[in-house]
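Structure data (mmCIF, C-alpha atoms) from start-v5.cif:
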```
data_my_file
loop_
_atom_site.group_PDB
_atom_site.id
_atom_site.type_symbol
_atom_site.label_atom_id
_atom_site.label_comp_id
_atom_site.auth_asym_id
_atom_site.auth_seq_id
_atom_site.Cartn_x
_atom_site.Cartn_y
_atom_site.Cartn_z
ATOM 1 C CA MET A 5 -14.484 -40.939 10.373
ATOM 2 C CA ALA A 6 -14.658 -38.276 13.036
ATOM 3 C CA ASN A 7 -12.681 -38.906 16.213
ATOM 4 C CA TYR A 8 -13.349 -37.639 19.710
ATOM 5 C CA ASN A 9 -10.033 -35.967 20.584
ATOM 6 C CA GLU A 10 -11.078 -32.523 19.371
ATOM 7 C CA LEU A 11 -14.350 -32.700 21.293
ATOM 8 C CA ILE A 12 -12.523 -33.810 24.460
ATOM 9 C CA ASN A 13 -10.135 -30.865 24.177
ATOM 10 C CA TYR A 14 -12.986 -28.443 23.491
ATOM 11 C CA ILE A 15 -14.945 -29.582 26.542
ATOM 12 C CA LYS A 16 -11.873 -29.457 28.802
ATOM 13 C CA ARG A 17 -11.049 -25.931 27.637
ATOM 14 C CA ASN A 18 -14.452 -24.780 28.822
ATOM 15 C CA ILE A 19 -15.069 -26.748 32.015
ATOM 16 C CA ASP A 20 -13.171 -28.711 34.628
ATOM 17 C CA ILE A 21 -14.623 -32.214 34.279
ATOM 18 C CA ASP A 22 -13.507 -35.573 35.709
ATOM 19 C CA ASN A 23 -12.926 -38.555 33.457
ATOM 20 C CA GLU A 24 -16.061 -40.431 34.518
ATOM 21 C CA ASP A 25 -18.358 -37.535 33.645
ATOM 22 C CA LEU A 26 -16.425 -36.900 30.449
ATOM 23 C CA GLN A 27 -16.860 -40.497 29.305
ATOM 24 C CA THR A 28 -20.573 -40.257 30.074
ATOM 25 C CA VAL A 29 -20.854 -37.156 27.875
ATOM 26 C CA LEU A 30 -18.878 -38.750 25.042
ATOM 27 C CA SER A 31 -21.064 -41.872 25.094
ATOM 28 C CA TYR A 32 -23.992 -39.781 23.818
ATOM 29 C CA PHE A 33 -22.126 -38.458 20.753
ATOM 30 C CA LYS A 34 -22.196 -40.377 17.476
ATOM 31 C CA THR A 35 -20.047 -39.963 14.351
ATOM 32 C CA THR A 36 -21.110 -39.194 10.792
ATOM 33 C CA THR A 37 -19.655 -37.912 7.521
ATOM 34 C CA LYS A 38 -21.479 -35.494 5.214
ATOM 35 C CA ASN A 39 -20.812 -34.290 1.687
ATOM 36 C CA LYS A 40 -20.434 -30.730 0.458
ATOM 37 C CA ASN A 41 -23.754 -28.917 -0.145
ATOM 38 C CA GLU A 42 -25.849 -31.398 1.857
ATOM 39 C CA ILE A 43 -28.637 -29.784 3.884
ATOM 40 C CA LEU A 44 -28.546 -31.161 7.425
ATOM 41 C CA LEU A 45 -31.533 -29.151 8.595
ATOM 42 C CA PRO A 46 -34.087 -27.657 6.198
ATOM 43 C CA ARG A 47 -35.969 -24.530 7.233
ATOM 44 C CA GLY A 48 -39.250 -25.385 8.953
ATOM 45 C CA LYS A 49 -37.973 -28.574 10.607
ATOM 46 C CA ASN A 50 -37.247 -28.821 14.333
ATOM 47 C CA SER A 51 -33.543 -28.781 15.180
ATOM 48 C CA GLN A 52 -33.149 -32.123 16.933
ATOM 49 C CA VAL A 53 -29.377 -32.452 16.623
ATOM 50 C CA SER A 54 -26.314 -30.447 17.666
ATOM 51 C CA TYR A 55 -23.193 -31.001 15.545
ATOM 52 C CA PHE A 56 -19.521 -30.715 16.458
ATOM 53 C CA VAL A 57 -17.178 -30.312 13.479
ATOM 54 C CA THR A 58 -13.974 -32.365 13.574
ATOM 55 C CA LYS A 59 -13.191 -31.771 9.896
ATOM 56 C CA GLY A 60 -14.799 -29.477 7.336
ATOM 57 C CA CYS A 61 -17.319 -26.672 7.635
ATOM 58 C CA LEU A 62 -21.021 -26.062 8.244
ATOM 59 C CA ARG A 63 -23.024 -22.885 7.836
ATOM 60 C CA LEU A 64 -26.365 -21.700 9.191
ATOM 61 C CA PHE A 65 -28.310 -19.514 6.786
ATOM 62 C CA TYR A 66 -31.767 -18.121 6.109
ATOM 63 C CA ILE A 67 -33.532 -16.406 3.215
ATOM 64 C CA ASP A 68 -34.740 -12.867 3.971
ATOM 65 C CA ALA A 69 -37.933 -11.187 2.743
ATOM 66 C CA THR A 70 -36.262 -10.135 -0.518
ATOM 67 C CA GLY A 71 -35.018 -13.655 -1.268
ATOM 68 C CA LYS A 72 -31.451 -12.873 -0.238
ATOM 69 C CA ASP A 73 -29.312 -15.668 1.219
ATOM 70 C CA ILE A 74 -27.950 -14.578 4.621
ATOM 71 C CA THR A 75 -25.257 -16.631 6.396
ATOM 72 C CA ARG A 76 -25.674 -16.207 10.156
ATOM 73 C CA TYR A 77 -23.012 -18.562 11.474
ATOM 74 C CA ILE A 78 -20.064 -20.578 10.185
ATOM 75 C CA ALA A 79 -18.539 -23.529 12.054
ATOM 76 C CA PHE A 80 -15.105 -24.896 11.184
ATOM 77 C CA GLU A 81 -13.137 -27.560 13.042
ATOM 78 C CA ASN A 82 -13.605 -27.639 16.831
ATOM 79 C CA GLN A 83 -16.884 -25.720 16.805
ATOM 80 C CA PHE A 84 -20.496 -26.622 17.501
ATOM 81 C CA ALA A 85 -23.312 -25.853 15.088
ATOM 82 C CA THR A 86 -27.050 -26.074 15.568
ATOM 83 C CA ALA A 87 -30.112 -23.960 14.855
ATOM 84 C CA LEU A 88 -29.982 -22.786 18.453
ATOM 85 C CA VAL A 89 -33.386 -21.083 18.772
ATOM 86 C CA SER A 90 -35.117 -24.167 17.391
ATOM 87 C CA PHE A 91 -32.936 -26.471 19.507
ATOM 88 C CA ILE A 92 -33.800 -24.566 22.686
ATOM 89 C CA ALA A 93 -37.485 -23.833 22.027
ATOM 90 C CA ASN A 94 -38.244 -27.125 20.215
ATOM 91 C CA GLU A 95 -39.988 -25.260 17.392
ATOM 92 C CA PRO A 96 -39.558 -25.163 13.583
ATOM 93 C CA ALA A 97 -36.250 -23.597 12.556
ATOM 94 C CA GLU A 98 -36.188 -20.280 10.716
ATOM 95 C CA GLU A 99 -32.776 -21.183 9.283
ATOM 96 C CA SER A 100 -31.091 -24.114 7.566
ATOM 97 C CA ILE A 101 -27.804 -25.932 8.185
ATOM 98 C CA GLN A 102 -25.687 -26.678 5.110
ATOM 99 C CA VAL A 103 -22.426 -28.577 4.645
ATOM 100 C CA VAL A 104 -19.950 -26.178 2.983
ATOM 101 C CA GLU A 105 -16.994 -28.578 2.788
ATOM 102 C CA ASN A 106 -16.939 -32.376 2.992
ATOM 103 C CA SER A 107 -17.205 -32.849 6.743
ATOM 104 C CA GLU A 108 -16.601 -35.300 9.556
ATOM 105 C CA LEU A 109 -18.941 -34.618 12.446
ATOM 106 C CA LEU A 110 -19.902 -35.700 15.922
ATOM 107 C CA TYR A 111 -23.512 -35.174 16.883
ATOM 108 C CA ILE A 112 -25.805 -35.418 19.885
ATOM 109 C CA THR A 113 -29.585 -35.484 19.832
ATOM 110 C CA HIS A 114 -31.740 -32.885 21.554
ATOM 111 C CA ASP A 115 -33.127 -35.476 23.981
ATOM 112 C CA ASP A 116 -29.676 -36.770 24.944
ATOM 113 C CA PHE A 117 -28.363 -33.225 25.337
ATOM 114 C CA ARG A 118 -31.244 -32.403 27.688
ATOM 115 C CA HIS A 119 -30.718 -35.638 29.594
ATOM 116 C CA LEU A 120 -27.082 -34.685 30.247
ATOM 117 C CA ILE A 121 -28.142 -31.230 31.455
ATOM 118 C CA LYS A 122 -30.516 -32.840 33.956
ATOM 119 C CA THR A 123 -28.095 -35.498 35.200
ATOM 120 C CA LEU A 124 -24.636 -33.880 35.014
ATOM 121 C CA PRO A 125 -24.048 -30.529 36.745
ATOM 122 C CA LYS A 126 -20.813 -30.105 34.776
ATOM 123 C CA TRP A 127 -22.710 -30.342 31.494
ATOM 124 C CA ARG A 128 -25.084 -27.643 32.727
ATOM 125 C CA ASP A 129 -21.992 -25.493 33.324
ATOM 126 C CA PHE A 130 -20.789 -26.277 29.818
ATOM 127 C CA TYR A 131 -24.170 -25.346 28.319
ATOM 128 C CA THR A 132 -24.217 -22.034 30.193
ATOM 129 C CA ILE A 133 -20.775 -21.127 28.865
ATOM 130 C CA TYR A 134 -21.798 -22.189 25.344
ATOM 131 C CA LEU A 135 -24.917 -19.992 25.449
ATOM 132 C CA GLU A 136 -22.974 -17.015 26.784
ATOM 133 C CA LYS A 137 -20.417 -17.276 23.989
ATOM 134 C CA ALA A 138 -23.152 -17.591 21.369
ATOM 135 C CA TYR A 139 -24.904 -14.500 22.733
ATOM 136 C CA VAL A 140 -21.700 -12.450 22.763
ATOM 137 C CA ASN A 141 -20.760 -13.494 19.227
ATOM 138 C CA ASN A 142 -24.214 -12.731 17.828
ATOM 139 C CA SER A 143 -24.348 -9.368 19.584
ATOM 140 C CA LYS A 144 -20.936 -8.341 18.248
ATOM 141 C CA ARG A 145 -21.944 -9.303 14.704
ATOM 142 C CA LEU A 146 -25.193 -7.342 14.872
ATOM 143 C CA ILE A 147 -23.372 -4.279 16.211
ATOM 144 C CA SER A 148 -20.766 -4.510 13.434
ATOM 145 C CA PHE A 149 -23.526 -4.350 10.796
ATOM 146 C CA THR A 150 -24.659 -0.941 12.067
ATOM 147 C CA THR A 151 -21.332 0.596 13.117
ATOM 148 C CA LEU A 152 -18.840 -0.609 10.479
ATOM 149 C CA ASN A 153 -18.767 -0.048 6.739
ATOM 150 C CA ALA A 154 -18.165 -2.885 4.261
ATOM 151 C CA LEU A 155 -14.365 -2.538 4.249
ATOM 152 C CA GLU A 156 -14.197 -2.382 8.043
ATOM 153 C CA ARG A 157 -16.384 -5.479 8.331
ATOM 154 C CA TYR A 158 -14.105 -7.364 5.952
ATOM 155 C CA LYS A 159 -10.971 -6.304 7.823
ATOM 156 C CA GLN A 160 -12.531 -7.305 11.143
ATOM 157 C CA LEU A 161 -13.503 -10.703 9.736
ATOM 158 C CA PHE A 162 -10.030 -11.247 8.292
ATOM 159 C CA LYS A 163 -8.505 -10.428 11.681
ATOM 160 C CA ILE A 164 -10.875 -12.525 13.822
ATOM 161 C CA ASN A 165 -11.511 -15.493 11.532
ATOM 162 C CA PRO A 166 -9.301 -15.484 8.407
ATOM 163 C CA ASP A 167 -10.316 -19.065 7.528
ATOM 164 C CA ILE A 168 -13.721 -17.784 6.428
ATOM 165 C CA VAL A 169 -12.045 -15.553 3.831
ATOM 166 C CA LYS A 170 -9.382 -18.075 2.826
ATOM 167 C CA ARG A 171 -11.456 -21.266 2.649
ATOM 168 C CA LEU A 172 -14.950 -20.273 1.609
ATOM 169 C CA PRO A 173 -16.459 -18.997 -1.671
ATOM 170 C CA ASN A 174 -17.046 -15.259 -2.086
ATOM 171 C CA LYS A 175 -20.800 -15.892 -2.106
ATOM 172 C CA VAL A 176 -20.701 -17.282 1.437
ATOM 173 C CA VAL A 177 -18.232 -14.653 2.727
ATOM 174 C CA ALA A 178 -20.348 -11.815 1.301
ATOM 175 C CA SER A 179 -23.559 -13.199 2.793
ATOM 176 C CA TYR A 180 -21.836 -13.571 6.178
ATOM 177 C CA ILE A 181 -20.787 -9.910 6.423
ATOM 178 C CA ASN A 182 -23.959 -8.698 4.683
ATOM 179 C CA ILE A 183 -22.490 -7.135 1.544
ATOM 180 C CA SER A 184 -22.848 -7.901 -2.180
ATOM 181 C CA GLN A 185 -20.418 -10.200 -3.975
ATOM 182 C CA GLU A 186 -19.430 -7.266 -6.215
ATOM 183 C CA THR A 187 -18.527 -5.137 -3.200
ATOM 184 C CA LEU A 188 -16.567 -8.027 -1.707
ATOM 185 C CA SER A 189 -14.594 -8.508 -4.942
ATOM 186 C CA ARG A 190 -13.650 -4.813 -4.984
ATOM 187 C CA ILE A 191 -12.645 -4.902 -1.321
ATOM 188 C CA LYS A 192 -10.540 -8.052 -1.730
ATOM 189 C CA SER A 193 -8.733 -6.556 -4.741
ATOM 190 C CA LYS A 194 -8.006 -3.368 -2.820
ATOM 191 C CA PHE A 195 -7.008 -5.295 0.289
ATOM 192 C CA ILE A 196 -4.593 -7.541 -1.640
ATOM 193 C CA PHE A 197 -3.115 -4.531 -3.475
ATOM 194 C CA GLN A 198 -2.497 -2.687 -0.202
ATOM 195 C CA ASP A 199 -1.024 -5.851 1.310
ATOM 196 C CA GLU A 200 1.420 -6.241 -1.574
ATOM 197 C CA ARG A 201 2.535 -2.621 -1.198
ATOM 198 C CA GLY A 202 3.129 -3.268 2.502
#
```

Take the structure in the file and give it back as structure tokens.
Amino acid sequence: MANYNELINYIKRNIDIDNEDLQTVLSYFKTTTKNKNEILLPRGKNSQVSYFVTKGCLRLFYIDATGKDITRYIAFENQFATALVSFIANEPAEESIQVVENSELLYITHDDFRHLIKTLPKWRDFYTIYLEKAYVNNSKRLISFTTLNALERYKQLFKINPDIVKRLPNKVVASYINISQETLSRIKSKFIFQDERG
């Protein structure tokens, strides 16, 4: 079952919080385990929960107008995952959350999250930092789609987050950097060959 040490460390890395406030925050998080391929949030449902991964992996994805599966975000250990637009606006989600690996999770409901924002100034600080990081990450990804070719995107991903390449199926990796599985296979073969040659 998920434990709270990773969440404690994550919070403390982002804000300076005293033990009393920290314990208050932790009291609103519950533990759960989920199996690979489970859908935690189907498209069209309101995102009422924010997850923190202590073991495993979650992905947020949507289906575009052509029926293509697009992975927008991947959360490994020590990362939060929620359909953020739905969570903020309290409206039906345009994306789904799927369990990619058997996972141990901590979660907090939308109402409890909002309650902490209203009652704990430090949690408001945490939320601001979280939103800023999410905005920066999304902006960088969108820019990479228009300024980098497929090989450059793969190299950037391997440099910034190699776990995505090493742990996840080609289908998910390809949908995350917006290329076909065939293109990804060619790139990985070329990349490995170059690596072996030094």

Residue by residue, what does the PyMOL selection byres ((chain A and resi 137-143) around 12) grab here? Present the result as a PyMOL selection string.
chain A and resi 18+76-79+83-89+130-136+144-150+164+180

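Closest approach to Phe91 in chain A among A:Thr113, A:Gln52, A:Asn9, A:Ser107: A:Gln52, based on all atoms listed in the file.
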
Spatial neighbours of Leu11 in chain A, max dist 10 Å, only C-alpha atoms, sep filter under 2 positions, as number ranges by chain:
A: 6-9, 13-17, 30, 33, 56-58, 81-84, 110

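The space between CA of Asp20 in chain A and CA of Phe80 in chain A spans 23.8 Å.
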
Which centre and edge lengths in Å to one decimal define the box along x, y and z that fits every listed atom of range 137-148 of chain A plus 8 Å per side, as lines of an AutoDock Vina configuration file?
```
center_x = -22.8
center_y = -10.9
center_z = 18.7
size_x = 20.8
size_y = 29.3
size_z = 26.6
```

Would you mind reading off the distance between CA of Pro173 in chain A and CA of Val104 in chain A, one decimal, in Å?
9.2 Å

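Around His114 in chain A, within 10 Å and counting all atoms listed in the file, the residues found are Asn50, Ser51, Gln52, Val53, Ser54, Phe91, Ile92, Asn94, Tyr111, Phe117, Arg118 and His119 of chain A, once anything fewer than 3 positions away on its own chain is removed.
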
Can you work out the spacing between CA of Glu10 in chain A and CA of Ile43 in chain A in Å, to one decimal?
23.6 Å

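With only C-alpha atoms as the atoms that count, the residue of A:Ser100, A:Thr35, A:Asn23, A:Thr70 with the shortest distance to Gly48 in chain A is A:Ser100.
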